[in-house]
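Each remark here refers to the structure printed beneath this line.
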Amino acid sequence: MIYKRRQFFRNLSLGGSALALAPFLQSVRVHGAGNEAALPKRFVFVVKSSGIDKFNLVPEGLENHFVNPEDGKKLGNRGRREGPLVNVALADHKLPEKLAALEMFKDRLTVIQSLSGVGFRGNHTKGFGTLSLHDSEKVAIAPTLDCLLGQHLSTGPYPMYGMAMNGQLLEGGWKPEDSYCYPNLSAYAAAKPVAYQGSPQKAFLELFGAAVATPEQLEKKIALNGNLMDFLSEDARRVEKQLSGDDKERFAQYMDSFDSLRKIEEKKAGLTDRIQKHAPERTDRFDSTTPSGRIESHFEIASAALIAGLTNVITLRPDTLGVKYSELGLSNSVHALGHLQDNKASNGWTGHQARMEVEKLHLKQIAKMAKKFAGIPEGNGSMLDNTIIVYMSCSSGDHHCAGHDWPTILLGGMGKKLKMGRYLEYPKYGSKGHRTVGNFYLSLMQAAGMKTSETFGQPDANLKDLDLKGPLQELMVG
Amino acid sequence: MSITRITTLPVLTIAALLLSGLTANAEPPSGFEEVMKPFLKENCIRCHGEKKQKGKLALHEVSFDFAKDETSDLWLEILAQLTARDMPPPDEETQPADSQRNTVIEWIDRQLLTAGSGETYRKKLLAPEYGNWVNHEKLFSGEIKTPPFSPARLWRFSTEIFAHKGFGKAKSPFSYVTSERGIRDYAAMSVADQSTVQMTMIVADSFLADRQRRGDFKDFSEGKPVPEEQALVEVIRREHIRVIGRYPNKEEQAKYLTFLKQSIKTGGNLDGFKTTIKAMFLSPESIYRMEFGLGEVDEHGRQHLSPDELAHAIAYALTDHRPDNHPFIRDALQKDKLKNKEDVTGLVRKLLDEQLLTGHWDRKDLPRIGRFFEEFFGFHRAGTVFKDNDRRGAEKINQWNTTMLIHDARMLIDHILKKDKNVIAELLTTNEYFIAHPGDNEYAREYYEKRIAEILDPGYVDARIELRKKQIKGDFNFENMPEKAEKALVSARRDAEKTVTVYQAALDKGMHRHPAFPFEGKRRGIADLLYIEPYNLPSNGRHGEQKWDWPIEQPLKMPKEERAGLLTHPAWLTAYSLNEGNDPIHRGIWVYERLLAGVLGDVPPDVDAAVPTDPHKTLRERMEPLRNERCWKCHRKMNPLGEAFEIFDDWGRYRTLHYFDENGEIYMRRDNQFDRKLKEGKLTTRKVDASGEIAFSGDPQIDGKVKDAIEMMQRLGLSDRARQSFIRHLFRYFMGRNEMLSDSKTLIEAEKAYVNNGGSFKALVVSLISSDSFLYRR
């Protein structure tokens with residue numbers, strides 16, 4: 001190990017930044033060859049709380065199965081009307097008001113409705129179950145999609161990186177988290193939850209610290225960190241000798257972490273040039289504690305981290321149920337908005353409208369992020385062609401929801417592996433042709449080049465008569 | 001919302017485990033012919049045989065190849081069904097005898113072990129929610145003679161211990177992975193992985209940054225020469241005790257000195273020094289407690305904990321501090337009085353006698369005692385169940401103050417612990433509650449009288465105004481603002497006069513006015529009686545008219561037909577409720593698992609767990625579908641227990657009637673609108689049906705129907721079964737693991753100690769902490 005590190009430094013100093021250039025060179029080579037599949041692939045998951053409303057997600061000119069045809073009012077949670085598979089081009093329809101911010105990306109946008117993910121408990125959130133499709137609200141019992149994709153795709157220091165407004169879902173006296181927190185969304189495996197960074201300042205220092213340090217400071221930092229990890233590994237070995245069985249197995253996780261941490265630092269050092277080039281500007285807006293200020297900072301850092309190659313998968317948790325979007329004139333919490341329905345919020349909006357405005361606020365950030373990616377050339381296109389932003393909720397399609405209709409909004413591309421520019425609405429839960437969120441996740445994994453089994457997550461016994469294997473054919477190219 | 005989500009635990013279908021290629025193996029393992037075959041024939045084959053394959057399962061040609069995954073999975077499922085007593089179905093007339101059932105369970109277990117399969121199952125059983133899978137009757141039968149021990153082990157520090165390490169308000173990297181509902185700190189479930197180490201680094205960084213800001217590292221600033229060797233050694237010793245909690249031994253000192261010198265050379269004075277402190281932060285001893293059993297080895301091959309290990313084990317069993325932070329434990333160690341069972345008995349008894357409930361109200365001397373009752377009962381989670389503001393107003397909960405409800409529950413527990421008589425039965429059956437009371441009658445009276453004298457003094461109003469004047473004088477907010485100051489004085493006068501009026505009014509009515517207790521070291525402040533509606537008592541605010549004669553002397557007797565023990569306390573009821581109603585399922589599970597030591601199979605995740613909402617029906621009526629065969633197999637264990645608590649609403653209020661409006665829809669309002677409609681005769685009522693049943697408890701003496709939760713608790717609270725189940729949970733709490741059959745002796749002795757000492761909790765704790773299970777490792 002010590003040898004490897006020395007060699008690493010030699011590479012670092014002799015080659016100028018030989019390693020740092022590696023991803024860039026690779027990209028150039030690929031560009032020349034026009035090999036789309038070899039370009040890096042990235043995912044951004046934006047997982048809001050309180051559900052994404054389904055009824056105002058239907059493009060104009062299509063029959064809206066989520067409202068009562070008589071009075072146009074939103075139907076209850078499981079009340080969607082019967083209907084066959086809807087698979088139409090968004091180009092032929094006007095986007096609903098909620099999606100207006102994504103108008104310029106109409107051809108790279110796909111909206112999917114009525115996938116189910118049922119059987120995961122949680123009154124307000126499916127927690128880890130959202131991305132693992134297990135009954136796993138608060139304790140991680142299986143790896144989540146973002147971590148699996150991250151482990152497969154990321155070549156940078158972080159397999160995936162998460163940023164959250166708050167770890168708790170329904171905190172009294174809301175304020176944004178100023179450190180690491182656990183929003184119970186991502187996990188590498190059972191009992192391995194991922195901590196999300198709440199503070200934009202700390203995320204900046206962690207990810208882009210190299211941008212504000214001199215080369216000497218950086219080299220010193222790496223060397224000290226390497227010494228430390230060597231020392232700790234050696235020290236831990238003394239204890240390890242006394243252990244057996246389960247204890248030894250558990251202790252191995254502690255010992256292995258020194259190696260992983262060393263690798264993170266080394267990989268980060270390898271990316272110094274890119275980090276310096278793409279680091280966001282560090283100003284006091286990172287200290288803003290308003291929801292929209294915080295969300296904007298998180299999106300900005302996330303965009304830069306992906307561009308710099310620090311990770312290929314980012315999960316953002318833009319709000320929790322306690323958040324109050326005061327800048328929208330709302331003194332009601334996200335939770336309270338979820339219960340308002342047609343009643344009025346503090347600023348006079350109905351509950352439905354207020355929820356839509358909150359979603360629009362997120363979608364605006366998503367559009368901004370997409371614009372950034374679209375401006376960065378990659379292969380024969382742009383970074384956006386190889387990046388998928390997924391907007392969804394941990395509470396599927398409503399404030400309280402069992403998961404029978406789980407809407408998702410996809411923006412970007414996955415190297416032409418996914419059909420974009422579509423509105424897909426699957427038949428109602430339980431009826432022929434119905435598909436699940438598991439099928440959707442398989443689509444993302446396969447599009448990202450992962451080998452998958454036929455199903456993802458725990459099966460839904462109520463749907464045992466349906467064929468629920470494989471990805472969503474309607475979403476896959478070829 | 002068209003449906004309410006309620007967990008259903010229906011029959012686990014074994015269809016998925018059907019083995020298509022099931023064929024009889026040539027050679028069944030030993031014991032099959034004698035043990036398993038007759039059992040299968042008598043109890044299983046009729047429904048899972050050649051003629052009938054219920055649940056698509058056939059056992060007449062079952063495979064014995066335990067090394068194969070699908071075979072071991074099938075046998076594991078059989079094992080689980082037998083352990084949870086879900087099979088044979090409870091309504092079958094012929095049931096296997098317990099001894100027969102156990103023999104078969106052990107046989108399967110042995111086959112799995114021999115074949116080296118079932119690893120996941122064995123790991124799963126380490127979690128607290130599987131504690132009851134160890135056979136209860138057997139544990140207390142007295143037939144097991146194995147000398148008890150705990151496995152030699154590493155135990156990652158708990159969140160609470162971390163909080164007392166003196167690293168400021170840093171977030172603990174040591175989070176629990178155990179369920180929030182139950183005992184949390186389990187050695188085998190405590191992992192330190194990359195994220196833990198990363199978070200520890202974050203803690204170390206901010207700790208170092210803070211100290212640097214305070215100028216702690218001046219000697220190591222850049223530009224200064226490297227300090228002399230002796231100074232370096234001193235610094236290592238100082239930091240070692242600061243971070244790890246003790247001075248380094250010679251070897252450790254040398255190790256850190258070499259590292260410090262190396263780091264200074266690489267990164268300069270300051271960063272080299274900081275890296276060395278970080279190394280201490282991340283060292284195994286900063287992350288883990290270690291219990292290897294470094295003392296003597298006995299004739300059974302068990303290793304006694306060394307005095308130093310014992311000091312740590314006892315300190316962390318009762319407190320969140322290192323042993324050297326506790327005078328009694330430190331003394332015992334220094335005087336070499338921590339060598340054997342007698343030493344431990346003496347020390348623990350002394351700790352309990354002198355410090356059971358002492359300390360700051362929020363920082364008890366033995367915080368782990370109070371925490372046990374929280375983790376066991378779970379009442380402290382009352383505040384985590386969200387109740388919508390709109391409901392509060394409409395349902396006349398003038399203030400939803402779960403903190404105070406929890407405080408009341410704590411006072412109740414403290415009181416019972418103070419008496420230390422029949423503690424378990426008292427906790428489960430008493431109708432003597434504390435409400436808005438500091439727990440100490442002498443203090444309560446003294447403070448009350450002081451307050452009355454102060455307020456009834458004719459000079460009270462003037463004195464208050466004088467006080468306000470003084471405050472205004474020193475307050476820059478009032479500088480050059482005579483008008484504002486004048487207003488403040490007017491309002492101070494109004495305030496004081498109002499206070500006098502309300503106190504006088506209460507006295508005139510012959511009531512004790514609640515005196516608004518302030519926060520002070522030993523006691524939590526209690527502002528007013530605004531939160532007491534959940535006790536079916538009328539509330540009032542600071543300046544409101546008092547409608548309930550608050551007793552200075554408490555506990556007070558609640559109506560016997562309304563309250564019986566902690567499970568009928570609003571704090572507990574709320575903790576086990578849902579956002580918009582009761583949670584009979586989890587209440588039932590609680591009673592079944594924690595008082596009856598019952599076993600539940602795993603929740604089958606593949607069912608649509610929804611109870612339809614129907615505004616015309618009560619919750620109990622809406623849960624009727626769970627009584628179908630598929631669901632009832634598991635729900636029979638919990639619903640009849642949990643539904644007995646329907647005599648309370650989800651705020652914890654006792655009730656006898658459900659109200660329905662003109663449309664026949666259930667009517668939850670209790671505000672003025674309710675009063676009006678009631679007066680106008682627009683509401684109809686139905687009696688609350690809270691009937692339930694204790695069944696399958698394993699103790700025929702307590703089985704039988706109950707009218708409601710009160711009758712249930714009166715019966716359960718006095719039972720052997722509940723006592724033993726409580727003891728098993730206390731055992732888990734102190735040992736940080738589930739019991740094994742070999743802990744039988746420890747449990748029996750603990751129960752004896754409790755019973756022989758008149759139901760003394762202290763005797764119980766002393767017995768457990770001085771037991772072989774606590775003292776020995778293997």
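Numbering starts fresh at 1 for the residues of each chain in the structure tokens, the chains themselves are lettered A, B, ... in the order given, and ligands are numbered from 1 as they appear.
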
Discussion item. Residues within 6 Å of Leu321 (chain A), please, as a count of residues only. Count only C-alpha atoms; anything in the same chain fewer than 5 positions from it doesn't count.
Written reply: 4

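The protein and nucleic acid residues lying at most 8 Å from Tyr188 (chain A) are Ala142, Pro143, Thr144, Cys147, Leu148, Pro193 and Val194 of chain A, with only C-alpha atoms considered and sequence neighbours fewer than 5 positions away removed.
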
Fill in: Non-local contacts of His400 (chain A) (12 Å; only C-alpha atoms; under 6 positions in same chain excluded) as an MDAnalysis selection string
(chainID A and resid 49:53 76:78 121:126 321 335:339 393:394) or (chainID B and resid 1:5 579:580)

Would you output that residue set with C-alpha atoms, as a PDB file, in the first residue's frame?
ATOM      1  CA  SER A  49     -41.471  14.485   0.085  1.00  0.00           C
ATOM      2  CA  SER A  50     -45.281  14.433   0.170  1.00  0.00           C
ATOM      3  CA  GLY A  51     -45.846  12.917  -3.294  1.00  0.00           C
ATOM      4  CA  ILE A  52     -45.979  14.347  -6.791  1.00  0.00           C
ATOM      5  CA  ASP A  53     -49.512  15.082  -7.902  1.00  0.00           C
ATOM      6  CA  GLY A  76     -58.757   9.888  -4.530  1.00  0.00           C
ATOM      7  CA  ASN A  77     -55.533   8.052  -4.150  1.00  0.00           C
ATOM      8  CA  ARG A  78     -56.550   4.807  -5.752  1.00  0.00           C
ATOM      9  CA  ARG A 121     -44.979   0.528   4.734  1.00  0.00           C
ATOM     10  CA  GLY A 122     -44.744   4.151   5.721  1.00  0.00           C
ATOM     11  CA  ASN A 123     -47.529   6.559   6.387  1.00  0.00           C
ATOM     12  CA  HIS A 124     -45.762   9.536   4.829  1.00  0.00           C
ATOM     13  CA  THR A 125     -42.761   8.031   3.136  1.00  0.00           C
ATOM     14  CA  LYS A 126     -41.527   4.711   1.927  1.00  0.00           C
ATOM     15  CA  LEU A 321     -42.715  17.577   5.445  1.00  0.00           C
ATOM     16  CA  HIS A 335     -47.294  18.410   5.499  1.00  0.00           C
ATOM     17  CA  ALA A 336     -50.136  20.840   6.048  1.00  0.00           C
ATOM     18  CA  LEU A 337     -50.321  21.558   2.317  1.00  0.00           C
ATOM     19  CA  GLY A 338     -50.711  17.845   1.757  1.00  0.00           C
ATOM     20  CA  HIS A 339     -53.927  17.862   3.757  1.00  0.00           C
ATOM     21  CA  SER A 393     -41.296  11.403  -4.484  1.00  0.00           C
ATOM     22  CA  CYS A 394     -40.771   9.026  -1.598  1.00  0.00           C
TER      23      CYS A 394
ATOM     24  CA  MET B   1     -57.475   9.931   1.294  1.00  0.00           C
ATOM     25  CA  SER B   2     -59.444   6.905   0.291  1.00  0.00           C
ATOM     26  CA  ILE B   3     -57.656   4.310   2.365  1.00  0.00           C
ATOM     27  CA  THR B   4     -55.946   4.147   5.673  1.00  0.00           C
ATOM     28  CA  ARG B   5     -52.816   2.150   5.806  1.00  0.00           C
ATOM     29  CA  ASN B 579     -51.547  10.334  12.643  1.00  0.00           C
ATOM     30  CA  GLU B 580     -55.301  10.185  12.545  1.00  0.00           C
TER      31      GLU B 580
END

Each chain A residue no farther than 6 Å from chain B, nearest pair in Å, only C-alpha atoms, as JSON lines:
{"residue": "A:Gly76", "atom": "CA", "partner": "B:Ser2", "partner_atom": "CA", "distance": 5.7}
{"residue": "A:Gly119", "atom": "CA", "partner": "B:Pro605", "partner_atom": "CA", "distance": 5.7}
{"residue": "A:Lys220", "atom": "CA", "partner": "B:Gly267", "partner_atom": "CA", "distance": 5.5}
{"residue": "A:Gln253", "atom": "CA", "partner": "B:Asp193", "partner_atom": "CA", "distance": 4.9}
{"residue": "A:Tyr254", "atom": "CA", "partner": "B:Asp193", "partner_atom": "CA", "distance": 4.8}
{"residue": "A:Ser257", "atom": "CA", "partner": "B:Gln194", "partner_atom": "CA", "distance": 4.4}
{"residue": "A:Asp460", "atom": "CA", "partner": "B:Asp606", "partner_atom": "CA", "distance": 5.0}
{"residue": "A:Ala461", "atom": "CA", "partner": "B:Asp606", "partner_atom": "CA", "distance": 4.9}

Can those selected residues be exported to a file as a PDB file, in the first residue's frame so that it contains C-alpha atoms?
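Produced file part.pdb, reproduced below:
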ATOM      1  CA  GLY A  76     -58.757   9.888  -4.530  1.00  0.00           C
ATOM      2  CA  GLY A 119     -46.242  -3.321  -0.086  1.00  0.00           C
ATOM      3  CA  LYS A 220       0.659  17.710   2.130  1.00  0.00           C
ATOM      4  CA  GLN A 253     -15.897  -3.163   7.825  1.00  0.00           C
ATOM      5  CA  TYR A 254     -14.069  -0.717  10.067  1.00  0.00           C
ATOM      6  CA  SER A 257     -12.955   1.804   5.490  1.00  0.00           C
ATOM      7  CA  ASP A 460     -46.157  -7.696  -5.161  1.00  0.00           C
ATOM      8  CA  ALA A 461     -48.293 -10.741  -4.487  1.00  0.00           C
TER       9      ALA A 461
END

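Note that the spacing between CA of Leu463 (chain A) and CA of Met623 (chain B) amounts to 23.1 Å.
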